[in-house]
>>> print(open('coords-v4.cif').read())   # mmCIF, C-alpha atoms
data_my_file
loop_
_atom_site.label_atom_id
_atom_site.label_comp_id
_atom_site.auth_asym_id
_atom_site.auth_seq_id
_atom_site.Cartn_x
_atom_site.Cartn_y
_atom_site.Cartn_z
CA MET A 167 101.46 42.59 -46.08
CA VAL A 168 99.29 41.12 -43.32
CA ASN A 169 96.34 43.22 -42.19
CA PHE A 170 94.23 42.65 -39.11
CA THR A 171 90.85 44.31 -38.61
CA ILE A 172 90.12 45.29 -35.02
CA LEU A 173 86.81 46.53 -33.61
CA ALA A 174 86.87 48.73 -30.51
CA GLY A 175 84.01 49.68 -28.21
CA GLY A 176 83.94 52.61 -25.82
CA PHE A 177 81.96 55.26 -24.02
CA SER A 178 80.57 56.96 -27.12
CA THR A 179 77.85 56.27 -29.68
CA PHE A 180 79.91 54.11 -32.04
CA VAL A 181 82.19 51.10 -32.37
CA ALA A 182 85.45 52.01 -34.11
CA THR A 183 87.12 49.96 -36.81
CA TYR A 184 90.93 49.91 -37.06
CA VAL A 185 93.17 48.22 -39.60
CA PHE A 186 96.55 47.09 -38.30
CA ASP A 187 99.22 46.50 -40.97
CA SER A 188 101.76 44.25 -39.28
CA THR A 189 104.34 44.76 -42.05
CA ALA A 190 104.22 48.54 -42.03
CA SER A 191 103.54 48.70 -38.26
CA SER A 192 100.64 51.09 -38.85
CA LEU A 193 97.24 51.35 -37.17
CA LEU A 194 94.57 53.26 -39.09
CA LEU A 195 91.10 54.28 -37.93
CA THR A 196 88.84 53.42 -40.87
CA LYS A 197 85.25 53.58 -39.56
CA GLN A 198 83.04 54.80 -36.74
CA ASN A 199 80.01 52.50 -36.78
CA PRO A 200 76.88 54.01 -35.17
CA THR A 201 75.47 52.11 -32.19
CA GLY A 202 73.40 52.76 -29.12
CA GLU A 203 74.91 54.86 -26.34
CA ASN A 204 78.08 53.64 -24.59
CA PRO A 205 78.91 50.33 -26.32
CA SER A 206 81.59 49.82 -23.68
CA TRP A 207 81.99 46.07 -24.15
CA ILE A 208 81.82 44.09 -27.39
CA ALA A 209 82.11 40.38 -28.10
CA SER A 210 82.22 38.29 -31.27
CA HIS A 211 80.09 35.22 -31.91
CA PRO A 212 82.28 32.13 -31.17
CA THR A 213 81.86 30.54 -34.61
CA ASN A 214 80.78 33.42 -36.85
CA SER A 215 82.94 36.54 -36.77
CA SER A 216 80.37 38.43 -38.86
CA ILE A 217 78.16 38.60 -35.74
CA LEU A 218 79.00 41.05 -32.97
CA TYR A 219 77.29 41.76 -29.66
CA ALA A 220 77.55 44.94 -27.59
CA VAL A 221 76.11 46.27 -24.36
CA ASN A 222 74.91 49.83 -23.93
CA GLU A 223 76.27 50.79 -20.51
CA ILE A 224 73.54 53.26 -19.58
CA SER A 225 71.17 53.98 -16.68
CA PRO A 226 68.63 53.22 -15.37
CA VAL A 227 68.31 50.23 -17.73
CA GLY A 228 70.86 49.17 -20.32
CA ASN A 229 70.60 47.32 -23.60
CA LEU A 230 72.12 44.38 -25.45
CA GLN A 231 72.60 44.81 -29.20
CA SER A 232 73.53 42.58 -32.15
CA PHE A 233 75.28 43.65 -35.35
CA LEU A 234 76.16 42.17 -38.71
CA VAL A 235 79.81 42.87 -39.56
CA ASP A 236 81.06 43.04 -43.14
CA ALA A 237 84.52 42.17 -44.47
CA ASP A 238 85.77 45.73 -44.03
CA GLY A 239 84.66 46.03 -40.42
CA GLY A 240 81.46 47.93 -41.22
CA MET A 241 78.55 47.20 -38.87
CA THR A 242 74.78 47.09 -39.31
CA LEU A 243 72.49 47.06 -36.28
CA VAL A 244 70.10 44.08 -36.31
CA ASP A 245 68.42 43.84 -32.90
CA THR A 246 68.23 45.45 -29.46
CA VAL A 247 66.84 44.09 -26.20
CA SER A 248 66.82 45.35 -22.63
CA SER A 249 69.52 44.02 -20.30
CA GLY A 250 67.05 44.12 -17.44
CA GLY A 251 69.31 46.19 -15.19
CA ASN A 252 71.48 49.23 -14.67
CA GLY A 253 74.74 49.84 -16.54
CA PRO A 254 75.62 46.50 -18.20
CA THR A 255 79.39 46.39 -18.37
CA PHE A 256 80.08 43.04 -20.08
CA THR A 257 78.64 40.67 -22.66
CA ASN A 258 79.65 37.28 -23.98
CA PRO A 259 77.82 34.65 -26.08
CA LEU A 260 77.33 31.15 -24.67
CA SER A 261 77.66 27.88 -26.54
CA THR A 262 73.98 27.21 -25.78
CA GLY A 263 72.78 30.25 -27.75
CA GLU A 264 72.29 32.81 -25.00
CA VAL A 265 74.15 36.13 -24.79
CA SER A 266 75.01 37.52 -21.36
CA ALA A 267 74.59 41.07 -20.08
CA MET A 268 76.19 41.77 -16.70
CA ASN A 269 74.38 44.66 -14.99
CA PHE A 270 77.11 46.29 -12.91
CA GLY A 271 74.70 48.78 -11.32
CA SER A 272 72.12 46.17 -10.30
CA PRO A 273 72.21 42.94 -8.31
CA ASN A 274 71.27 40.96 -11.43
CA CYS A 275 72.19 39.88 -14.92
CA SER A 276 70.51 38.60 -18.07
CA LEU A 277 71.36 35.64 -20.24
CA VAL A 278 69.25 36.47 -23.25
CA ALA A 279 68.18 33.64 -25.54
CA THR A 280 68.55 34.10 -29.28
CA ILE A 281 66.08 32.85 -31.88
CA PRO A 282 66.92 29.24 -32.79
CA GLY A 283 68.90 29.29 -36.02
CA ASP A 284 69.25 33.10 -35.94
CA PRO A 285 71.88 34.26 -33.40
CA LEU A 286 71.41 37.87 -34.55
CA ARG A 287 67.91 38.12 -33.09
CA PHE A 288 66.99 38.04 -29.42
CA GLN A 289 64.02 36.50 -27.71
CA LYS A 290 62.28 39.17 -25.65
CA ASP A 291 61.13 37.16 -22.64
CA SER A 292 64.37 35.90 -21.04
CA PRO A 293 64.08 36.51 -17.27
CA ILE A 294 66.78 38.29 -15.29
CA VAL A 295 68.84 36.41 -12.70
CA GLU A 296 68.73 38.03 -9.27
CA PHE A 297 71.76 37.51 -7.02
CA PRO A 298 70.93 36.58 -3.40
CA VAL A 299 72.66 39.47 -1.61
CA ASN A 300 69.69 40.42 0.61
CA GLY A 301 70.07 44.12 0.04
CA GLY A 302 73.87 44.06 0.19
CA LYS A 303 76.31 45.21 -2.45
CA SER A 304 76.35 43.48 -5.81
CA ASN A 305 78.26 44.51 -8.91
CA PRO A 306 78.40 41.61 -11.39
CA HIS A 307 81.22 42.33 -13.79
CA MET A 308 81.76 39.39 -16.15
CA SER A 309 80.50 35.98 -17.26
CA LEU A 310 82.51 32.90 -18.18
CA GLU A 311 81.06 29.61 -19.36
CA PHE A 312 82.78 26.49 -18.04
CA ASN A 313 81.68 22.84 -17.78
CA GLY A 314 77.96 23.53 -17.99
CA GLU A 315 78.04 26.46 -15.58
CA VAL A 316 78.30 30.22 -16.00
CA PHE A 317 80.69 31.84 -13.52
CA VAL A 318 79.96 35.48 -12.63
CA PRO A 319 82.49 37.44 -10.54
CA ASP A 320 80.64 39.95 -8.36
CA LEU A 321 82.88 42.84 -7.33
CA GLY A 322 80.47 44.18 -4.72
CA ALA A 323 79.47 40.89 -3.10
CA ASP A 324 82.97 39.33 -3.08
CA LYS A 325 81.62 36.18 -4.64
CA ILE A 326 81.83 34.29 -7.90
CA TRP A 327 78.29 33.13 -8.59
CA ARG A 328 77.67 29.77 -10.25
CA LEU A 329 74.73 29.79 -12.66
CA VAL A 330 73.08 26.89 -14.46
CA ASN A 331 70.25 26.62 -16.93
CA ASP A 332 66.85 26.22 -15.28
CA GLY A 333 64.99 24.26 -17.91
CA ALA A 334 64.46 26.65 -20.82
CA PRO A 335 66.58 28.79 -23.14
CA GLY A 336 67.46 32.07 -21.44
CA LYS A 337 66.26 30.88 -18.04
CA PHE A 338 69.08 30.51 -15.49
CA LYS A 339 69.39 30.26 -11.73
CA VAL A 340 72.10 30.69 -9.11
CA GLN A 341 73.05 27.24 -7.88
CA GLY A 342 75.93 28.28 -5.64
CA GLN A 343 78.97 30.50 -5.26
CA ILE A 344 82.71 30.62 -4.64
CA ASP A 345 83.46 32.97 -1.77
CA VAL A 346 86.22 35.53 -2.21
CA ALA A 347 88.06 37.20 0.68
CA PRO A 348 86.11 40.29 1.82
CA GLY A 349 87.29 43.52 0.23
CA ASN A 350 89.01 41.89 -2.76
CA GLY A 351 86.40 42.85 -5.33
CA PRO A 352 86.68 40.09 -7.99
CA ARG A 353 86.36 41.77 -11.40
CA HIS A 354 87.35 39.35 -14.18
CA ILE A 355 88.30 35.68 -14.27
CA ALA A 356 89.92 33.12 -16.55
CA ILE A 357 90.12 29.32 -16.33
CA ARG A 358 92.86 27.08 -17.67
CA ASP A 359 93.60 23.42 -16.89
CA GLY A 360 90.93 23.48 -14.18
CA ILE A 361 92.56 26.40 -12.36
CA LEU A 362 90.49 29.53 -11.69
CA PHE A 363 92.45 32.77 -12.04
CA THR A 364 90.83 35.88 -10.58
CA ILE A 365 91.82 39.50 -10.99
CA ASN A 366 90.68 41.44 -7.91
CA GLU A 367 89.99 45.11 -8.61
CA LEU A 368 90.04 46.53 -5.08
CA THR A 369 93.27 44.89 -3.93
CA SER A 370 95.01 44.74 -7.34
CA THR A 371 95.83 41.07 -6.85
CA LEU A 372 95.87 37.99 -9.04
CA THR A 373 94.90 34.69 -7.44
CA ALA A 374 94.88 31.06 -8.54
CA GLN A 375 92.76 28.29 -7.04
CA GLN A 376 91.18 24.97 -7.83
CA ILE A 377 87.48 25.13 -8.61
CA PRO A 378 85.46 23.67 -5.72
CA ALA A 379 82.89 21.03 -6.51
CA GLY A 380 79.52 22.53 -7.38
CA PRO A 381 77.25 23.88 -6.30
CA ASN A 382 78.85 24.98 -3.02
CA GLY A 383 81.92 22.87 -2.47
CA THR A 384 84.32 24.08 0.19
CA ALA A 385 86.68 26.63 -1.27
CA LEU A 386 90.19 25.24 -1.11
CA PRO A 387 93.16 27.39 -0.06
CA LEU A 388 94.53 29.66 -2.75
CA ILE A 389 97.35 28.16 -4.77
CA ALA A 390 98.87 31.59 -5.41
CA ASN A 391 98.10 35.21 -4.53
CA VAL A 392 100.27 38.03 -5.91
CA SER A 393 100.14 41.80 -6.32
CA ILE A 394 100.01 43.08 -9.88
CA VAL A 395 101.07 46.65 -9.03
CA PRO A 396 104.47 47.75 -10.38
CA PRO A 397 106.96 47.09 -7.56
CA GLU A 398 108.65 50.50 -7.62
CA VAL A 399 105.86 53.07 -7.33
CA ASN A 400 107.26 56.34 -5.96
CA PHE A 401 104.21 58.56 -6.48
CA ASN A 402 100.73 58.90 -5.00
CA GLY A 403 98.72 56.59 -7.23
CA THR A 404 95.63 54.48 -6.62
CA PHE A 405 95.64 51.18 -8.47
CA PHE A 406 92.67 49.08 -9.55
CA ALA A 407 93.07 45.86 -11.55
CA ALA A 408 91.04 45.69 -14.75
CA GLU A 409 91.50 42.80 -17.18
CA ILE A 410 92.97 39.30 -17.39
CA LEU A 411 93.88 37.30 -20.50
CA ILE A 412 95.51 33.89 -20.81
CA SER A 413 97.20 33.30 -24.15
CA GLU A 414 96.42 30.19 -26.17
CA PRO A 415 99.43 27.94 -26.85
CA SER A 416 100.71 27.88 -30.41
CA ALA A 417 103.82 26.83 -32.27
CA LEU A 418 105.15 30.37 -31.92
CA PHE A 419 104.13 30.74 -28.27
CA PRO A 420 104.00 27.25 -26.71
CA ASN A 421 103.59 28.39 -23.09
CA PRO A 422 100.34 29.99 -21.90
CA LEU A 423 100.99 33.31 -20.16
CA ILE A 424 98.75 35.56 -18.09
CA TYR A 425 98.33 39.24 -18.99
CA VAL A 426 96.68 41.60 -16.50
CA SER A 427 96.11 45.35 -16.74
CA ASN A 428 96.74 47.92 -13.98
CA ARG A 429 94.65 51.10 -13.86
CA ASN A 430 95.98 54.04 -11.91
CA LEU A 431 93.19 56.43 -10.90
CA GLY A 432 95.57 58.99 -9.40
CA PRO A 433 95.80 61.60 -8.08
CA GLU A 434 99.39 61.29 -9.39
CA PHE A 435 100.30 59.45 -12.55
CA ASP A 436 103.38 57.87 -14.08
CA PRO A 437 104.31 59.69 -17.30
CA ARG A 438 104.94 56.27 -18.87
CA GLY A 439 101.27 55.38 -18.38
CA ASP A 440 99.63 52.33 -16.84
CA THR A 441 101.14 48.87 -17.07
CA ILE A 442 100.34 45.43 -18.34
CA ALA A 443 101.82 42.83 -16.00
CA ILE A 444 102.77 39.45 -17.44
CA PHE A 445 102.82 36.35 -15.23
CA GLU A 446 103.62 32.71 -15.71
CA PHE A 447 101.85 30.05 -13.67
CA LYS A 448 103.92 27.02 -12.72
CA ASN A 449 101.63 24.13 -11.88
CA ASN A 450 103.40 21.57 -9.70
CA THR A 451 100.89 18.79 -9.21
CA LEU A 452 100.86 16.83 -6.00
CA THR A 453 100.55 13.11 -5.75
CA ALA A 454 97.39 11.66 -4.27
CA PRO A 455 97.41 10.19 -0.74
CA PRO A 456 98.78 6.63 -0.60
CA PRO A 457 96.10 3.99 -1.27
CA THR A 458 95.77 2.81 2.34
CA GLY A 459 92.12 3.77 2.74
CA ASP A 460 92.78 6.07 5.72
CA ALA A 461 93.50 9.39 3.98
CA THR A 462 91.28 12.36 4.83
CA PRO A 463 90.84 15.84 3.34
CA SER A 464 93.18 17.23 6.01
CA SER A 465 95.99 14.86 5.16
CA PRO A 466 99.00 16.81 3.86
CA PRO A 467 99.68 15.90 0.24
CA THR A 468 103.15 14.81 -0.77
CA PRO A 469 104.83 16.83 -3.53
CA SER A 470 105.76 14.87 -6.59
CA PRO A 471 109.30 15.23 -7.95
CA SER A 472 109.58 18.38 -10.00
CA PRO A 473 110.76 18.29 -13.62
CA SER A 474 113.81 20.33 -12.60
CA SER A 475 115.02 17.71 -10.11
CA THR A 476 114.03 14.49 -11.86
CA PRO A 477 114.66 13.90 -15.56
CA ALA A 478 111.43 13.15 -17.37
CA PRO A 479 111.40 10.44 -20.02
CA SER A 480 109.11 12.54 -22.24
CA PRO A 481 108.81 16.04 -23.71
CA PRO A 482 109.83 18.89 -21.37
CA SER A 483 107.17 20.46 -19.21
CA SER A 484 105.31 23.59 -20.23
CA GLY A 485 104.58 26.61 -18.09
CA TYR A 486 101.54 24.75 -16.75
CA GLY A 487 103.41 21.78 -15.36
CA GLY A 488 103.83 19.74 -18.50
CA TYR A 489 101.75 17.25 -20.43
CA TYR A 490 103.64 14.27 -19.05
CA ASN A 491 103.28 15.29 -15.39
CA ARG A 492 99.55 15.97 -15.77
CA ARG A 493 98.90 12.65 -17.51
CA GLN A 494 100.98 10.71 -14.99
CA HIS A 495 99.29 12.35 -12.02
CA SER A 496 95.85 11.86 -13.57
CA ARG A 497 96.43 8.13 -14.03
CA GLU A 498 97.71 7.76 -10.45
CA TRP A 499 94.74 9.62 -8.97
CA ARG A 500 92.13 7.72 -11.02
CA ARG A 501 93.67 4.44 -9.84
CA HIS A 502 93.66 5.68 -6.24
CA GLU A 503 90.00 6.71 -6.50
CA ALA A 504 89.05 3.31 -7.87
CA GLU A 505 90.82 1.54 -5.01
CA ASN A 506 89.49 3.94 -2.34
CA PRO A 507 86.02 5.12 -3.41
CA ASP A 508 85.25 6.77 -0.04
CA VAL A 509 88.29 9.04 0.00
CA ILE A 510 87.47 12.72 -0.59
CA PRO A 511 90.00 14.45 -2.86
CA VAL A 512 92.19 17.07 -1.22
CA ASN A 513 93.79 20.11 -2.78
CA GLN A 514 95.97 18.26 -5.28
CA THR A 515 97.63 21.24 -6.93
CA SER A 516 100.42 23.53 -5.88
CA GLY A 517 101.93 26.21 -7.99
CA SER A 518 103.29 29.72 -8.23
CA LEU A 519 102.70 32.91 -10.18
CA THR A 520 105.94 34.54 -11.32
CA LEU A 521 106.12 38.05 -12.72
CA GLN A 522 107.77 38.12 -16.14
CA ALA A 523 107.48 41.83 -16.97
CA GLN A 524 105.72 45.10 -16.20
CA VAL A 525 105.16 46.84 -19.52
CA PHE A 526 104.39 50.57 -19.48
CA THR A 527 101.77 51.33 -22.11
CA GLY A 528 101.45 55.12 -22.36
CA LEU A 529 97.72 54.63 -21.65
CA LYS A 530 95.80 56.41 -18.89
CA GLN A 531 93.38 54.07 -17.11
CA ILE A 532 93.91 50.99 -19.28
CA ARG A 533 90.81 48.80 -19.20
CA SER A 534 90.59 45.96 -21.71
CA MET A 535 92.97 44.04 -23.96
CA ALA A 536 92.73 41.38 -26.66
CA ILE A 537 95.18 38.95 -28.27
CA GLY A 538 94.85 38.07 -31.95
CA ARG A 539 93.62 34.66 -33.02
CA VAL A 540 95.99 31.75 -33.44
CA ALA A 541 94.13 30.58 -36.55
CA ASP A 542 95.26 33.56 -38.63
CA GLY A 543 98.62 34.21 -36.98
CA GLY A 544 97.35 37.09 -34.91
CA GLU A 545 98.56 35.65 -31.59
CA GLU A 546 101.78 37.59 -32.08
CA PHE A 547 99.93 40.82 -31.26
CA LEU A 548 98.06 42.30 -28.29
CA VAL A 549 95.86 45.40 -28.51
CA ALA A 550 94.97 47.63 -25.56
CA GLY A 551 93.25 50.95 -25.03
CA ALA A 552 92.74 53.73 -22.53
CA ASN A 553 89.60 54.69 -20.67
CA VAL A 554 90.80 58.32 -20.47
CA ASP A 555 93.51 59.04 -23.04
CA GLY A 556 96.39 57.48 -24.90
CA GLY A 557 94.37 56.00 -27.74
CA VAL A 558 94.79 52.44 -28.99
CA VAL A 559 98.11 50.58 -28.96
CA VAL A 560 99.21 47.37 -30.64
CA PHE A 561 102.07 45.49 -29.00
CA LYS A 562 104.15 42.65 -30.39
CA ARG A 563 104.64 39.74 -28.03
CA THR A 564 108.35 38.97 -27.66
CA ASP A 565 110.55 36.57 -25.64
CA GLY A 566 107.99 33.81 -26.08
CA GLY A 567 105.25 36.17 -24.93
CA ARG A 568 107.05 37.22 -21.76
CA ASN A 569 107.43 40.81 -22.90
CA LEU A 570 105.66 43.35 -25.13
CA VAL A 571 107.05 45.90 -27.58
CA GLU A 572 104.89 48.70 -28.96
CA VAL A 573 104.61 48.55 -32.75
CA ALA A 574 101.71 50.89 -33.55
CA ARG A 575 99.54 53.53 -31.87
CA ASN A 576 96.52 55.53 -33.00
CA GLU A 577 95.23 58.49 -30.98
CA ASP A 578 92.48 59.69 -33.33
CA ILE A 579 90.06 58.57 -30.62
CA PRO A 580 91.61 59.10 -27.18
CA ASN A 581 89.77 56.30 -25.39
CA ARG A 582 88.56 52.79 -26.25
CA THR A 583 87.56 50.16 -23.69
CA SER A 584 87.11 46.76 -25.40
CA PHE A 585 88.41 44.98 -28.50
CA VAL A 586 87.68 42.19 -30.95
CA PHE A 587 90.03 40.85 -33.64
CA LEU A 588 87.98 39.90 -36.69
#
>>> encode(input="coords-v4.cif", output="C-alpha cells")
Amino acid sequence: MVNFTILAGGFSTFVATYVFDSTASSLLLTKQNPTGENPSWIASHPTNSSILYAVNEISPVGNLQSFLVDADGGMTLVDTVSSGGNGPTFTNPLSTGEVSAMNFGSPNCSLVATIPGDPLRFQKDSPIVEFPVNGGKSNPHMSLEFNGEVFVPDLGADKIWRLVNDGAPGKFKVQGQIDVAPGNGPRHIAIRDGILFTINELTSTLTAQQIPAGPNGTALPLIANVSIVPPEVNFNGTFFAAEILISEPSALFPNPLIYVSNRNLGPEFDPRGDTIAIFEFKNNTLTAPPPTGDATPSSPPTPSPSPSSTPAPSPPSSGYGGYYNRRQHSREWRRHEAENPDVIPVNQTSGSLTLQAQVFTGLKQIRSMAIGRVADGGEEFLVAGANVDGGVVVFKRTDGGRNLVEVARNEDIPNRTSFVFL
C-alpha cells in the first residue's frame, strides 16, 4: 500500500488534509485544519515539507500565514503578516528566503522576508512592490522565480513584470516587463529550457516564447499560440484558462508535458465537467546565422535538420527537442558568438504545441492542479479540484502522461482550489 498525503486550500476557514491510497484507489478526507479566512492558495517550503504557506484572500487587505505540518497532515499556525494589498490570490517561497503574496485586487505585491534561520516566521517591515500602471488595471496573479528574477504575470495590465532584489531581504523593485498582447490577460506561467509558457485567462490560450533579455529586451515573436478550449463545444459556455503545470521528467515519464485547466463560467455547462488539456511542446532549434560577420537580428534563421528527417548518432530526442540537438546547437552558437562578438542573437527557437488530450474532469470551475513528487513516486498522479462543486479528484497519468484516468474522488467538501503533495 502506498499512501500520499495531500493538503488542499480553498475559500473557507481551513486547509483540508486528504490521504490517497494508490493501491485501493481511495481518497479520504482526514482533517480540516483551522486557518485564517479563505486560504485559497497554499505552497510548501522548497526543502522542508513540514512548512506550509497560505494566503488569506480577503478584502480590503489580505494576509500571509505560515504553518508547521506534522506527519499526518495536521497543521499548526505559527505566524501571520499582512500581504499589503487586497485579495492575495497566490503565494510561493523564494530560494532567497522571501515568500510572495500576489495581491490580485491591488496594483502591488509583497515579497515578505523570513527571519534568517527560521522560515516559519516573517519579518514585519518588508515593503510592497507597486506596479507602474499609472492608474490603469493591474491584477497580479502569480510569481515565478527564474535566474535571479521574479516574474509576475499581471492579468489586468497584460504584462509579465520582472522583479529583482533591491539591496535588502524583502525589498524588491520592478526592473522591466514582458508585454503581452492586449486583452489576453496572462494568469499563470511556467518556464522550461528557457521557454516561457503563459496561460492567458481572457482568451483561453497557451503561448510559448523565448525570454527577452532583461530588463526590457524586445519581445520576440511567439513560438506557438494555441487555444486550450475543447474543440467541439456545442453549448453556450464562457471559458477562462486557470492553471498550467509542466511535468518533471522521470524514468516513468521521460517527456515533459504541459497540463492546463479550462474553467467554464456558463451560463451553460457540459455535464462531463470542465477539462484538463494536455499539450506537448516540440522544440525545433534553429541554427545560428553563418559566421560571416554580416548577420543582423532581422536575418531569417535557417532551420536545422529535424530528428525525424536526419538520423541522430545519439539517444532519440525528447518532447523538448532532444538532449543531443540542444547540445549541438549550443556549441555551434557559442562558437559563432566568439567569432562574431557584435552579432545580436535572433529568435533561435521554433516549435509547436500539439494537443494530446482533453480530459473531462466532472469538476465545475476547475482552478488548480498538482502533480505528485518524482522523489517518492508520486509523479504518476495528478490531483485537481473544483471552485464550485465536484470535490477533489485524483487522476492517474497514462500513455506516458498524455492522458488521464480518474482513480479516486472525494466530494465531502465540494470545492477546493489549490493543492500540495506532502
>>> closest_residue(input="coords-v4.cif", among="A:Ser225, A:Ser192, A:Ser584, A:Thr527", to="Gly439 (chain A)", atoms="all atoms listed in the file")
A:Thr527
>>> resolve_selection(input="coords-v4.cif", expression="the PyMOL selection byres ((chain A and resi 561) around 12)", output="short mmCIF file (atom, residue, chain, number, x, y, z; two decimals) with C-alpha atoms, in the frame of the given file")
data_model
loop_
_atom_site.label_atom_id
_atom_site.label_comp_id
_atom_site.auth_asym_id
_atom_site.auth_seq_id
_atom_site.Cartn_x
_atom_site.Cartn_y
_atom_site.Cartn_z
CA PHE A 186 96.55 47.09 -38.30
CA SER A 188 101.76 44.25 -39.28
CA SER A 191 103.54 48.70 -38.26
CA SER A 192 100.64 51.09 -38.85
CA LEU A 193 97.24 51.35 -37.17
CA ILE A 442 100.34 45.43 -18.34
CA VAL A 525 105.16 46.84 -19.52
CA PHE A 526 104.39 50.57 -19.48
CA THR A 527 101.77 51.33 -22.11
CA GLY A 528 101.45 55.12 -22.36
CA MET A 535 92.97 44.04 -23.96
CA ALA A 536 92.73 41.38 -26.66
CA ILE A 537 95.18 38.95 -28.27
CA GLY A 538 94.85 38.07 -31.95
CA GLY A 544 97.35 37.09 -34.91
CA GLU A 545 98.56 35.65 -31.59
CA GLU A 546 101.78 37.59 -32.08
CA PHE A 547 99.93 40.82 -31.26
CA LEU A 548 98.06 42.30 -28.29
CA VAL A 549 95.86 45.40 -28.51
CA ALA A 550 94.97 47.63 -25.56
CA GLY A 551 93.25 50.95 -25.03
CA VAL A 558 94.79 52.44 -28.99
CA VAL A 559 98.11 50.58 -28.96
CA VAL A 560 99.21 47.37 -30.64
CA LYS A 562 104.15 42.65 -30.39
CA ARG A 563 104.64 39.74 -28.03
CA THR A 564 108.35 38.97 -27.66
CA GLY A 567 105.25 36.17 -24.93
CA ASN A 569 107.43 40.81 -22.90
CA LEU A 570 105.66 43.35 -25.13
CA VAL A 571 107.05 45.90 -27.58
CA GLU A 572 104.89 48.70 -28.96
CA VAL A 573 104.61 48.55 -32.75
CA ALA A 574 101.71 50.89 -33.55
CA ARG A 575 99.54 53.53 -31.87
#
>>> atom_distance(input="coords-v4.cif", atom1="CA of Phe317 (chain A)", atom2="CA of Thr384 (chain A)")
16.2 Å
>>> resolve_selection(input="coords-v4.cif", expression="the PyMOL selection byres ((chain A and resi 299-314) around 8)", output="PyMOL selection string")
chain A and resi 255-258+260+266+268-275+297-298+315-323+330+353-356
>>> write_last_selection(input="coords-v4.cif", atoms="C-alpha atoms", output="PDB file, in the coordinates of the input")
ATOM      1  CA  THR A 255      79.390  46.390 -18.370  1.00  0.00           C
ATOM      2  CA  PHE A 256      80.080  43.040 -20.080  1.00  0.00           C
ATOM      3  CA  THR A 257      78.640  40.670 -22.660  1.00  0.00           C
ATOM      4  CA  ASN A 258      79.650  37.280 -23.980  1.00  0.00           C
ATOM      5  CA  LEU A 260      77.330  31.150 -24.670  1.00  0.00           C
ATOM      6  CA  SER A 266      75.010  37.520 -21.360  1.00  0.00           C
ATOM      7  CA  MET A 268      76.190  41.770 -16.700  1.00  0.00           C
ATOM      8  CA  ASN A 269      74.380  44.660 -14.990  1.00  0.00           C
ATOM      9  CA  PHE A 270      77.110  46.290 -12.910  1.00  0.00           C
ATOM     10  CA  GLY A 271      74.700  48.780 -11.320  1.00  0.00           C
ATOM     11  CA  SER A 272      72.120  46.170 -10.300  1.00  0.00           C
ATOM     12  CA  PRO A 273      72.210  42.940  -8.310  1.00  0.00           C
ATOM     13  CA  ASN A 274      71.270  40.960 -11.430  1.00  0.00           C
ATOM     14  CA  CYS A 275      72.190  39.880 -14.920  1.00  0.00           C
ATOM     15  CA  PHE A 297      71.760  37.510  -7.020  1.00  0.00           C
ATOM     16  CA  PRO A 298      70.930  36.580  -3.400  1.00  0.00           C
ATOM     17  CA  GLU A 315      78.040  26.460 -15.580  1.00  0.00           C
ATOM     18  CA  VAL A 316      78.300  30.220 -16.000  1.00  0.00           C
ATOM     19  CA  PHE A 317      80.690  31.840 -13.520  1.00  0.00           C
ATOM     20  CA  VAL A 318      79.960  35.480 -12.630  1.00  0.00           C
ATOM     21  CA  PRO A 319      82.490  37.440 -10.540  1.00  0.00           C
ATOM     22  CA  ASP A 320      80.640  39.950  -8.360  1.00  0.00           C
ATOM     23  CA  LEU A 321      82.880  42.840  -7.330  1.00  0.00           C
ATOM     24  CA  GLY A 322      80.470  44.180  -4.720  1.00  0.00           C
ATOM     25  CA  ALA A 323      79.470  40.890  -3.100  1.00  0.00           C
ATOM     26  CA  VAL A 330      73.080  26.890 -14.460  1.00  0.00           C
ATOM     27  CA  ARG A 353      86.360  41.770 -11.400  1.00  0.00           C
ATOM     28  CA  HIS A 354      87.350  39.350 -14.180  1.00  0.00           C
ATOM     29  CA  ILE A 355      88.300  35.680 -14.270  1.00  0.00           C
ATOM     30  CA  ALA A 356      89.920  33.120 -16.550  1.00  0.00           C
TER      31      ALA A 356
END
>>> resolve_selection(input="coords-v4.cif", expression="the PyMOL selection byres ((chain A and resi 200) around 7)", output="JSON, numbers by chain")
{"A": [179, 180, 181, 198, 199, 201]}
>>> atom_distance(input="coords-v4.cif", atom1="CA of Gly360 (chain A)", atom2="CA of Ile377 (chain A)")
6.8 Å
>>> closest_residue(input="coords-v4.cif", among="A:Pro205, A:Pro259, A:Pro437, A:Pro422", to="Phe585 (chain A)", atoms="all atoms listed in the file")
A:Pro205
>>> atom_distance(input="coords-v4.cif", atom1="CA of Gln375 (chain A)", atom2="CA of Pro397 (chain A)")
23.6 Å
>>> residues_around(input="coords-v4.cif", residues="region 230-239 of chain A", least_positions_apart="3", cutoff="7 Å", atoms="only C-alpha atoms", output="tab-separated table (two decimals) with C-alpha atoms, in the coordinates of the input")
chain	number	residue	atom	x	y	z
A	171	THR	CA	90.85	44.31	-38.61
A	183	THR	CA	87.12	49.96	-36.81
A	216	SER	CA	80.37	38.43	-38.86
A	217	ILE	CA	78.16	38.60	-35.74
A	218	LEU	CA	79.00	41.05	-32.97
A	219	TYR	CA	77.29	41.76	-29.66
A	220	ALA	CA	77.55	44.94	-27.59
A	221	VAL	CA	76.11	46.27	-24.36
A	222	ASN	CA	74.91	49.83	-23.93
A	242	THR	CA	74.78	47.09	-39.31
A	243	LEU	CA	72.49	47.06	-36.28
A	244	VAL	CA	70.10	44.08	-36.31
A	245	ASP	CA	68.42	43.84	-32.90
A	246	THR	CA	68.23	45.45	-29.46
A	247	VAL	CA	66.84	44.09	-26.20
A	248	SER	CA	66.82	45.35	-22.63
A	249	SER	CA	69.52	44.02	-20.30
A	267	ALA	CA	74.59	41.07	-20.08
A	286	LEU	CA	71.41	37.87	-34.55
>>> residues_around(input="coords-v4.cif", residues="Arg568 (chain A)", least_positions_apart="2", cutoff="6 Å", atoms="only C-alpha atoms", output="PyMOL selection string")
chain A and resi 522+565-566
>>> residues_around(input="coords-v4.cif", residues="Leu368 (chain A)", least_positions_apart="5", cutoff="9 Å", atoms="only C-alpha atoms", output="PyMOL selection string")
chain A and resi 321+349-353+405-407
>>> residues_around(input="coords-v4.cif", residues="Asn391 (chain A)", least_positions_apart="3", cutoff="8 Å", atoms="all atoms listed in the file", output="PyMOL selection string")
chain A and resi 371-374+388+519
